[in-house]
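Participant: Questions regarding the structure given below will be posed in turn.
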Amino acid sequence: MKNLDALVIFSRVAEMASFTRAAESMGTQKGRVSAVIRELEREVGVALLHRTTRSVQLTEDGRVFYSRARDLLAEAQELQSMFADKDAQLRGKLRVDMPTELARSVVVPALPQLLSAHPELELELSSTDRRVDLVQEGFDCVIRLGPVIDETLIARPLGHLRMINVASPDYLERYGVPHTIDDLINQGHQMVHYTRTFGSRLAGWEYPDGDGYSSLPLPGVMQVNSVQTYHEAGLAGVGLIQAGYSSLRHHLERGALVEILPGLRPAPLAASLVVAHRRNLSQRVRTFITWIETTLEPWLD
């Protein structure tokens with residue numbers, strides 16, 4: 001093989017199970033991707049991919065080839081960056097995903113610093129509250145809040161996002177300011193319930209209890225499955241909410257929300273930077289990891 005470009009393209013097709021998605025993620029034409037794969041198969045002498053009208057899958061030979069190709073690309077990446085100037089400008093595309101409110105309130109305001117230092121960096125920032133598939137959707141890295149369940153992914157702990165209890169001044173005027181957990185019941189408080197899936201068991205009001213945390217089944221008149229709607233419901237005085245301090249700071253500073261029960265905050269959310277492979281990290285990803293750790297530090301415990 002004349003160079004490693006064919007291995008890069010083959011690996012992307014294998015990971016995304018699609019010529020079209022692979023081409024889009026690499027900013028090239030589908031026809032070029034197909035041509036490269038055909039030439040690669042001709043050179044190695046075996047079929048690497050099963051092609052159907054609906055999907056692309058690795059053959060048995062393709063699985064073996066992909067495993068070795070991934071290791072070879074990781075070694076090449078390490079070799080290329082071994083003596084690289086860490087302060088050199090980054091070039092090329094970096095695709096990242098993170099929760100919407102974290103992007104809006106913390107990351108995007110800090111981005112001018114990163115982009116001015118690396119004007120040739122092409123950043124693709126996805127902000128969504130669903131769990132994206134790193135490999136299938138072609139992300140270089142993602143920021144996850146909460147536990148990382150997929151054992152095939154590599155998670156780098158960043159810290160714990162500070163969580164607080166808040167309500168609007170109008171709501172507190174109607175129901176009173178609670179100072180204890182018992183006040184939540186005695187004063188007739190209600191909360192806005194956030195859930196990823198309607199119909200699932202509601203979490204209730206979380207509070208510290210001994211060495212751990214307990215949940216109070218506080219009533220609520222509204223369930224939402226969007227973080228933004230959850231915050232807006234709190235601002236509108238629908239009920240009490242529990243959310244990340246970083247995304248509520250602006251509302252607290254202007255008096256639209258008030259923190260309550262500061263000594264009984266819910267459990268902080270673990271924040272992790274997740275990649276698909278430990279060793280195959282480009283200089284772009286390494287630099288972004290260092291930058292995001294510094295950017296998030298003030299908001300993490």
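The chains in the structure tokens are called A, B, ... from first to last as shown; in each chain the residues are counted from 1, and the ligands are counted from 1 in the order shown.
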Report as a tab-separated table (two decimals) with all heavy atoms, in the first residue's frame all protein, DNA and RNA residues lying within 8 Å of segment 262-264 of chain A, evaluated on only C-alpha atoms, omitting residues in the same chain fewer than 5 positions from it.

Facilitator:
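Printed below is result_13.tsv as written:
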```tsv
chain	number	residue	atom	x	y	z
A	164	ILE	N	-27.63	22.03	41.96
A	164	ILE	CA	-28.26	22.86	42.98
A	164	ILE	C	-29.79	22.75	42.89
A	164	ILE	O	-30.33	22.27	41.89
A	164	ILE	CB	-27.85	24.35	42.85
A	164	ILE	CG1	-28.23	24.90	41.48
A	164	ILE	CG2	-26.37	24.53	43.13
A	164	ILE	CD1	-27.96	26.41	41.35
A	165	ASN	N	-30.46	23.20	43.95
A	165	ASN	CA	-31.93	23.26	44.01
A	165	ASN	C	-32.35	24.70	43.80
A	165	ASN	O	-31.82	25.60	44.46
A	165	ASN	CB	-32.43	22.79	45.38
A	165	ASN	CG	-31.84	21.47	45.81
A	165	ASN	OD1	-31.91	20.50	45.09
A	165	ASN	ND2	-31.26	21.43	47.01
A	207	TYR	N	-31.82	14.19	47.70
A	207	TYR	CA	-31.18	14.95	48.78
A	207	TYR	C	-30.18	14.06	49.50
A	207	TYR	O	-30.30	12.82	49.50
A	207	TYR	CB	-32.24	15.47	49.76
A	207	TYR	CG	-33.00	14.39	50.50
A	207	TYR	CD1	-32.59	13.96	51.77
A	207	TYR	CD2	-34.11	13.78	49.93
A	207	TYR	CE1	-33.28	12.96	52.45
A	207	TYR	CE2	-34.81	12.78	50.61
A	207	TYR	CZ	-34.39	12.38	51.87
A	207	TYR	OH	-35.07	11.39	52.54
A	208	PRO	N	-29.17	14.66	50.17
A	208	PRO	CA	-28.18	13.88	50.91
A	208	PRO	C	-28.82	13.18	52.10
A	208	PRO	O	-29.65	13.77	52.80
A	208	PRO	CB	-27.16	14.92	51.37
A	208	PRO	CG	-27.43	16.14	50.57
A	208	PRO	CD	-28.87	16.10	50.19
```

Participant: Neighbours of segment 290-298 of chain A within 8 Å (only C-alpha atoms; same-chain residues fewer than 6 positions away dropped), as a ChimeraX atom specification?

Facilitator: /A:106-107,110,114,158-159

Participant: What are the DSSP strand (DSSP E or B) residues of segment 101-204 of chain A, as JSON, numbers by chain?

Facilitator: {"A": [121, 122, 123, 124, 125, 126, 127, 141, 142, 143, 144, 145, 154, 155, 156, 157, 158, 159, 160, 161, 163, 164, 165, 166, 167, 191, 192, 193, 194]}

Participant: Using 9 Å as the limit and counting only C-alpha atoms, can you tabulate each residue of segment 113-227 of chain A that touches segment 236-259 of chain A, with its shortest atom-to-atom distance in Å and the two atoms involved, as JSON lines?

Facilitator:
```
{"residue": "A:Leu161", "atom": "CA", "partner": "A:Gly244", "partner_atom": "CA", "distance": 6.5}
{"residue": "A:Arg162", "atom": "CA", "partner": "A:Gly244", "partner_atom": "CA", "distance": 5.7}
{"residue": "A:Met163", "atom": "CA", "partner": "A:Gly244", "partner_atom": "CA", "distance": 4.3}
{"residue": "A:Ile164", "atom": "CA", "partner": "A:Gln242", "partner_atom": "CA", "distance": 5.6}
{"residue": "A:Asn165", "atom": "CA", "partner": "A:Gln242", "partner_atom": "CA", "distance": 4.6}
{"residue": "A:Val166", "atom": "CA", "partner": "A:Glu259", "partner_atom": "CA", "distance": 4.4}
{"residue": "A:Ala167", "atom": "CA", "partner": "A:Leu240", "partner_atom": "CA", "distance": 5.0}
{"residue": "A:Ser168", "atom": "CA", "partner": "A:Leu257", "partner_atom": "CA", "distance": 4.5}
{"residue": "A:Pro169", "atom": "CA", "partner": "A:Leu257", "partner_atom": "CA", "distance": 6.4}
{"residue": "A:Asp170", "atom": "CA", "partner": "A:Gly237", "partner_atom": "CA", "distance": 6.2}
{"residue": "A:Tyr171", "atom": "CA", "partner": "A:Gly237", "partner_atom": "CA", "distance": 4.8}
{"residue": "A:Leu172", "atom": "CA", "partner": "A:Gly237", "partner_atom": "CA", "distance": 8.3}
{"residue": "A:His189", "atom": "CA", "partner": "A:Gly239", "partner_atom": "CA", "distance": 7.6}
{"residue": "A:Gln190", "atom": "CA", "partner": "A:Gly239", "partner_atom": "CA", "distance": 5.4}
{"residue": "A:Met191", "atom": "CA", "partner": "A:Leu240", "partner_atom": "CA", "distance": 4.4}
{"residue": "A:Val192", "atom": "CA", "partner": "A:Gly239", "partner_atom": "CA", "distance": 5.3}
{"residue": "A:His193", "atom": "CA", "partner": "A:Ile241", "partner_atom": "CA", "distance": 7.9}
{"residue": "A:Tyr194", "atom": "CA", "partner": "A:Ile241", "partner_atom": "CA", "distance": 8.7}
{"residue": "A:Trp205", "atom": "CA", "partner": "A:Gln242", "partner_atom": "CA", "distance": 8.0}
{"residue": "A:Glu206", "atom": "CA", "partner": "A:Gln242", "partner_atom": "CA", "distance": 8.3}
{"residue": "A:Gly220", "atom": "CA", "partner": "A:Gly239", "partner_atom": "CA", "distance": 7.2}
{"residue": "A:Val221", "atom": "CA", "partner": "A:Val238", "partner_atom": "CA", "distance": 7.9}
{"residue": "A:Met222", "atom": "CA", "partner": "A:Val238", "partner_atom": "CA", "distance": 7.9}
{"residue": "A:Val227", "atom": "CA", "partner": "A:Ala243", "partner_atom": "CA", "distance": 8.8}
```

Participant: With only C-alpha atoms as the basis for distance, which of A:Arg70, A:Arg174, A:Arg156, A:Arg95 is at the shortest distance from Phe139 of chain A?

Facilitator: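 Ranked by minimum distance to Phe139 of chain A, first place goes to A:Arg95.
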
Participant: Please measure the separation of atom CA of Leu216 of chain A and atom CA of Arg196 of chain A, giving the value in Å to one decimal.

Facilitator: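 We find that atom CA of Leu216 of chain A and atom CA of Arg196 of chain A lie 19.1 Å from each other.
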
Participant: DSSP on the backbone: what in segment 61-293 of chain A comes out alpha helix (DSSP H), as a ChimeraX atom specification?

Facilitator: /A:61-81,100-102,108-117,169-175,181-186,227-235,245-253,283-293

Participant: Nearest residue to Arg12 of chain A out of A:Leu90, A:Met98, A:Leu134, A:Ala117, using only C-alpha atoms?

Facilitator: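 The closest residue to Arg12 of chain A is A:Leu134.
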
Participant: With distances taken over only C-alpha atoms, which residue among A:Val224, A:Ala103, A:Val135, A:Val108 lies nearest Ala14 of chain A?

Facilitator: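 For Ala14 of chain A, the nearest of the candidates is A:Val135.
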
Participant: Between atom CA of Leu111 of chain A and atom CA of Leu94 of chain A, what distance in Å does the model show, to one decimal?

Facilitator: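 Computed distance, atom CA of Leu111 of chain A to atom CA of Leu94 of chain A, equals 13.3 Å.
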